[in-house]
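Everything below concerns the one structure shown next.
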Amino acid sequence: MNTIEIKSEIKICTLDELSKDEYQLVRSAINATDSSYSPYSRFKVGAALRLSNGDIVCGSNQENAAFGVTMCAERAAIFAAQSSQPEQPIAAIAIAARNADGLLRHPITPCGSCRQVMLEIEQRYKSPIKLYLYGIEGIYIADSAKSLMPLSFIDESMK
């Protein structure tokens, strides 16, 4: 039996360590939590992504009593960007969340479905998506969605 070692590097920083553009993206994700429709979970998630042309597109989670048709903030933003500007790769995405007590102390990570969508977007444009996962006590920064799912199912898996 052999063993493979898989490593992912995640940086941690604070808001004041971000560049002006990074700060703007994270603040946009925090602000996007305001448009969340989450009457069941009361868990508000906002996502903001920056396209390669500099445009920012936001999304928030949208719940439904039939939970299977609920939409995560990340996919809401990604699908909006892909519908309106399909020629533009996604350069970065920031994600923030809050509950009844306010913004979360620690970052949340995208669900598996959102990770899969991000992986396919990276593959489609042959360009990594930088992730900023916001928490009051620190922001996780990953250089690619692939770093969150090193063993992934992508187009190449079907060949």
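Going through the structure tokens in order, the chains are called A, B, and so on, while each chain numbers its residues from 1 and the ligands are numbered from 1 in the order shown.
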
Would you mind listing what lies within 12 Å of A:Tyr132 as a ChimeraX atom specification, with only C-alpha atoms counted and same-chain residues fewer than 6 positions away left out?
/A:10-15,18,21-30,46-50,74,91-96,107-110,138-145

Include N, CA and C atoms and write out the residues we just selected as a compact mmCIF listing (two decimals), in the first residue's frame.
```txt
# COMPACT_ATOMS: atom_id res chain seq x y z
N ILE A 10 -3.47 27.71 3.26
CA ILE A 10 -4.48 28.71 3.51
C ILE A 10 -3.82 29.80 4.35
N LYS A 11 -3.87 31.03 3.87
CA LYS A 11 -3.32 32.15 4.62
C LYS A 11 -4.41 32.69 5.54
N ILE A 12 -4.03 33.33 6.62
CA ILE A 12 -4.96 33.97 7.54
C ILE A 12 -4.50 35.40 7.74
N CYS A 13 -5.44 36.34 7.60
CA CYS A 13 -5.10 37.74 7.82
C CYS A 13 -6.28 38.46 8.45
N THR A 14 -6.10 39.74 8.71
CA THR A 14 -7.18 40.58 9.23
C THR A 14 -7.58 41.57 8.14
N LEU A 15 -8.70 42.23 8.33
CA LEU A 15 -9.19 43.20 7.34
C LEU A 15 -8.15 44.27 7.02
N LEU A 18 -5.50 43.61 4.25
CA LEU A 18 -5.91 43.45 2.85
C LEU A 18 -5.58 44.69 2.04
N ASP A 21 -8.44 46.79 -2.94
CA ASP A 21 -9.35 45.98 -3.76
C ASP A 21 -9.86 44.75 -3.00
N GLU A 22 -8.97 44.10 -2.25
CA GLU A 22 -9.39 42.94 -1.47
C GLU A 22 -10.40 43.36 -0.39
N TYR A 23 -10.11 44.46 0.28
CA TYR A 23 -11.00 44.99 1.32
C TYR A 23 -12.37 45.29 0.72
N GLN A 24 -12.40 45.93 -0.44
CA GLN A 24 -13.66 46.26 -1.10
C GLN A 24 -14.45 44.99 -1.41
N LEU A 25 -13.79 43.94 -1.86
CA LEU A 25 -14.46 42.69 -2.18
C LEU A 25 -15.06 42.05 -0.93
N VAL A 26 -14.28 42.00 0.14
CA VAL A 26 -14.77 41.42 1.40
C VAL A 26 -15.94 42.23 1.96
N ARG A 27 -15.82 43.56 1.93
CA ARG A 27 -16.93 44.42 2.41
C ARG A 27 -18.18 44.20 1.56
N SER A 28 -18.01 43.98 0.28
CA SER A 28 -19.16 43.70 -0.60
C SER A 28 -19.84 42.40 -0.20
N ALA A 29 -19.06 41.40 0.17
CA ALA A 29 -19.64 40.12 0.62
C ALA A 29 -20.39 40.31 1.94
N ILE A 30 -19.80 41.07 2.84
CA ILE A 30 -20.47 41.35 4.12
C ILE A 30 -21.79 42.08 3.86
N GLY A 46 -23.43 35.99 2.32
CA GLY A 46 -23.22 36.89 1.19
C GLY A 46 -21.94 36.52 0.48
N ALA A 47 -21.97 36.66 -0.83
CA ALA A 47 -20.79 36.40 -1.64
C ALA A 47 -20.60 37.55 -2.60
N ALA A 48 -19.36 37.89 -2.84
CA ALA A 48 -19.03 38.92 -3.82
C ALA A 48 -17.86 38.39 -4.64
N LEU A 49 -17.99 38.48 -5.94
CA LEU A 49 -16.89 38.03 -6.77
C LEU A 49 -16.41 39.16 -7.67
N ARG A 50 -15.13 39.12 -7.95
CA ARG A 50 -14.53 40.10 -8.85
C ARG A 50 -14.20 39.40 -10.15
N GLU A 74 -22.84 31.78 -2.98
CA GLU A 74 -21.74 31.65 -3.92
C GLU A 74 -22.24 31.33 -5.33
N ALA A 91 -11.99 36.19 -11.03
CA ALA A 91 -10.66 36.29 -10.45
C ALA A 91 -10.65 35.95 -8.96
N ALA A 92 -11.71 36.36 -8.24
CA ALA A 92 -11.73 36.16 -6.78
C ALA A 92 -13.17 36.14 -6.29
N ILE A 93 -13.36 35.51 -5.15
CA ILE A 93 -14.67 35.50 -4.50
C ILE A 93 -14.46 35.65 -2.99
N ALA A 94 -15.30 36.47 -2.38
CA ALA A 94 -15.29 36.64 -0.93
C ALA A 94 -16.62 36.14 -0.39
N ILE A 95 -16.57 35.53 0.78
CA ILE A 95 -17.77 34.95 1.39
C ILE A 95 -17.82 35.37 2.85
N ALA A 96 -19.00 35.82 3.28
CA ALA A 96 -19.21 36.22 4.68
C ALA A 96 -20.56 35.69 5.13
N PRO A 107 -14.42 32.12 9.85
CA PRO A 107 -14.89 31.99 8.47
C PRO A 107 -15.69 30.71 8.25
N ILE A 108 -16.61 30.79 7.29
CA ILE A 108 -17.28 29.58 6.81
C ILE A 108 -16.67 29.24 5.45
N THR A 109 -16.78 27.99 5.09
CA THR A 109 -16.29 27.55 3.79
C THR A 109 -17.47 27.20 2.89
N PRO A 110 -17.28 27.25 1.58
CA PRO A 110 -18.37 26.90 0.67
C PRO A 110 -18.77 25.43 0.82
N GLY A 138 -10.52 36.61 11.73
CA GLY A 138 -9.53 36.37 10.68
C GLY A 138 -10.18 36.01 9.37
N ILE A 139 -9.45 36.26 8.31
CA ILE A 139 -9.91 35.95 6.97
C ILE A 139 -9.00 34.87 6.41
N TYR A 140 -9.61 33.77 5.95
CA TYR A 140 -8.83 32.73 5.29
C TYR A 140 -8.70 33.11 3.82
N ILE A 141 -7.51 32.96 3.29
CA ILE A 141 -7.28 33.24 1.88
C ILE A 141 -6.68 31.99 1.23
N ALA A 142 -7.35 31.52 0.18
CA ALA A 142 -6.87 30.38 -0.59
C ALA A 142 -6.65 30.84 -2.02
N ASP A 143 -5.60 30.37 -2.64
CA ASP A 143 -5.25 30.81 -3.99
C ASP A 143 -6.10 30.19 -5.09
N SER A 144 -6.89 29.16 -4.73
CA SER A 144 -7.70 28.48 -5.73
C SER A 144 -8.77 27.66 -5.05
N ALA A 145 -9.90 27.49 -5.71
CA ALA A 145 -10.95 26.60 -5.20
C ALA A 145 -10.41 25.17 -5.10
```

Report as a PyMOL selection string: the residues of stretch 5-147 of chain A with a DSSP assignment of helix (DSSP H, G or I), based on the backbone of this structure.
chain A and resi 15-17+20-35+67-69+73-84+112-125+145-147

Please write the residues from the selection above to a file, keeping C-alpha atoms, as a short mmCIF file (atom, residue, chain, number, x, y, z; two decimals), in the first residue's frame.
```cif
data_model
loop_
_atom_site.label_atom_id
_atom_site.label_comp_id
_atom_site.auth_asym_id
_atom_site.auth_seq_id
_atom_site.Cartn_x
_atom_site.Cartn_y
_atom_site.Cartn_z
CA LEU A 15 -9.19 43.20 7.34
CA ASP A 16 -6.49 45.83 7.81
CA GLU A 17 -3.92 43.58 6.10
CA LYS A 20 -7.84 48.26 -1.06
CA ASP A 21 -9.35 45.98 -3.76
CA GLU A 22 -9.39 42.94 -1.47
CA TYR A 23 -11.00 44.99 1.32
CA GLN A 24 -13.66 46.26 -1.10
CA LEU A 25 -14.46 42.69 -2.18
CA VAL A 26 -14.77 41.42 1.40
CA ARG A 27 -16.93 44.42 2.41
CA SER A 28 -19.16 43.70 -0.60
CA ALA A 29 -19.64 40.12 0.62
CA ILE A 30 -20.47 41.35 4.12
CA ASN A 31 -22.98 43.83 2.67
CA ALA A 32 -24.50 41.10 0.48
CA THR A 33 -25.66 39.28 3.63
CA ASP A 34 -28.32 42.02 3.88
CA SER A 35 -30.11 40.69 0.78
CA PHE A 67 -34.79 23.06 0.82
CA GLY A 68 -33.60 21.30 -2.35
CA VAL A 69 -34.36 24.41 -4.38
CA ALA A 73 -24.83 32.83 -2.05
CA GLU A 74 -21.74 31.65 -3.92
CA ARG A 75 -23.67 29.98 -6.73
CA ALA A 76 -26.13 32.90 -6.90
CA ALA A 77 -23.21 35.28 -7.55
CA ILE A 78 -21.41 32.91 -9.93
CA PHE A 79 -24.50 32.17 -12.02
CA ALA A 80 -25.42 35.87 -12.17
CA ALA A 81 -21.92 36.69 -13.42
CA GLN A 82 -21.91 33.85 -15.91
CA SER A 83 -25.32 34.91 -17.24
CA SER A 84 -24.45 38.59 -17.64
CA GLY A 112 -19.58 20.88 -1.71
CA SER A 113 -21.95 21.99 -4.46
CA CYS A 114 -20.46 25.48 -4.52
CA ARG A 115 -16.93 24.07 -4.47
CA GLN A 116 -17.78 21.89 -7.48
CA VAL A 117 -19.15 24.88 -9.40
CA MET A 118 -16.03 26.91 -8.58
CA LEU A 119 -13.78 24.06 -9.74
CA GLU A 120 -15.59 23.87 -13.06
CA ILE A 121 -15.34 27.65 -13.52
CA GLU A 122 -11.60 27.44 -12.87
CA GLN A 123 -11.33 24.64 -15.41
CA ARG A 124 -13.52 26.44 -17.97
CA TYR A 125 -11.36 29.57 -17.95
CA ALA A 145 -10.95 26.60 -5.20
CA LYS A 146 -8.90 23.48 -5.96
CA SER A 147 -7.07 23.99 -2.65
#
```

Of A:Thr3, A:Ser127, A:Ser19, A:Ser8, the one nearest to A:Gln88 when counting only C-alpha atoms is A:Ser127

Fewer than 3 positions away in the same chain doesn't count, so skip those; otherwise give me all residues within 7 Å of A:Leu104, counting only C-alpha atoms, as a PDB file with N, CA and C atoms, in the first residue's frame.
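Final output, out_36.pdb:
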```pdb
ATOM      1  N   ALA A  97     -20.723  35.520   6.423  1.00  0.00           N
ATOM      2  CA  ALA A  97     -21.996  35.027   6.953  1.00  0.00           C
ATOM      3  C   ALA A  97     -22.272  35.634   8.318  1.00  0.00           C
ATOM      4  N   ARG A  98     -23.556  35.680   8.622  1.00  0.00           N
ATOM      5  CA  ARG A  98     -23.974  36.128   9.952  1.00  0.00           C
ATOM      6  C   ARG A  98     -25.204  35.355  10.374  1.00  0.00           C
ATOM      7  N   PRO A 107     -14.417  32.119   9.846  1.00  0.00           N
ATOM      8  CA  PRO A 107     -14.893  31.987   8.475  1.00  0.00           C
ATOM      9  C   PRO A 107     -15.688  30.706   8.246  1.00  0.00           C
ATOM     10  N   GLY A 135     -14.172  36.075   8.543  1.00  0.00           N
ATOM     11  CA  GLY A 135     -14.585  35.891   9.926  1.00  0.00           C
ATOM     12  C   GLY A 135     -14.053  37.075  10.712  1.00  0.00           C
ATOM     13  N   ILE A 136     -14.729  37.482  11.740  1.00  0.00           N
ATOM     14  CA  ILE A 136     -14.290  38.636  12.530  1.00  0.00           C
ATOM     15  C   ILE A 136     -12.861  38.438  13.046  1.00  0.00           C
TER      16      ILE A 136
END
```

Residue set, chain A restricted to strand (DSSP E), as a VMD selection string
chain A and resid 10 to 13 44 to 51 56 to 60 90 to 99 102 to 103 130 to 133 139 to 142
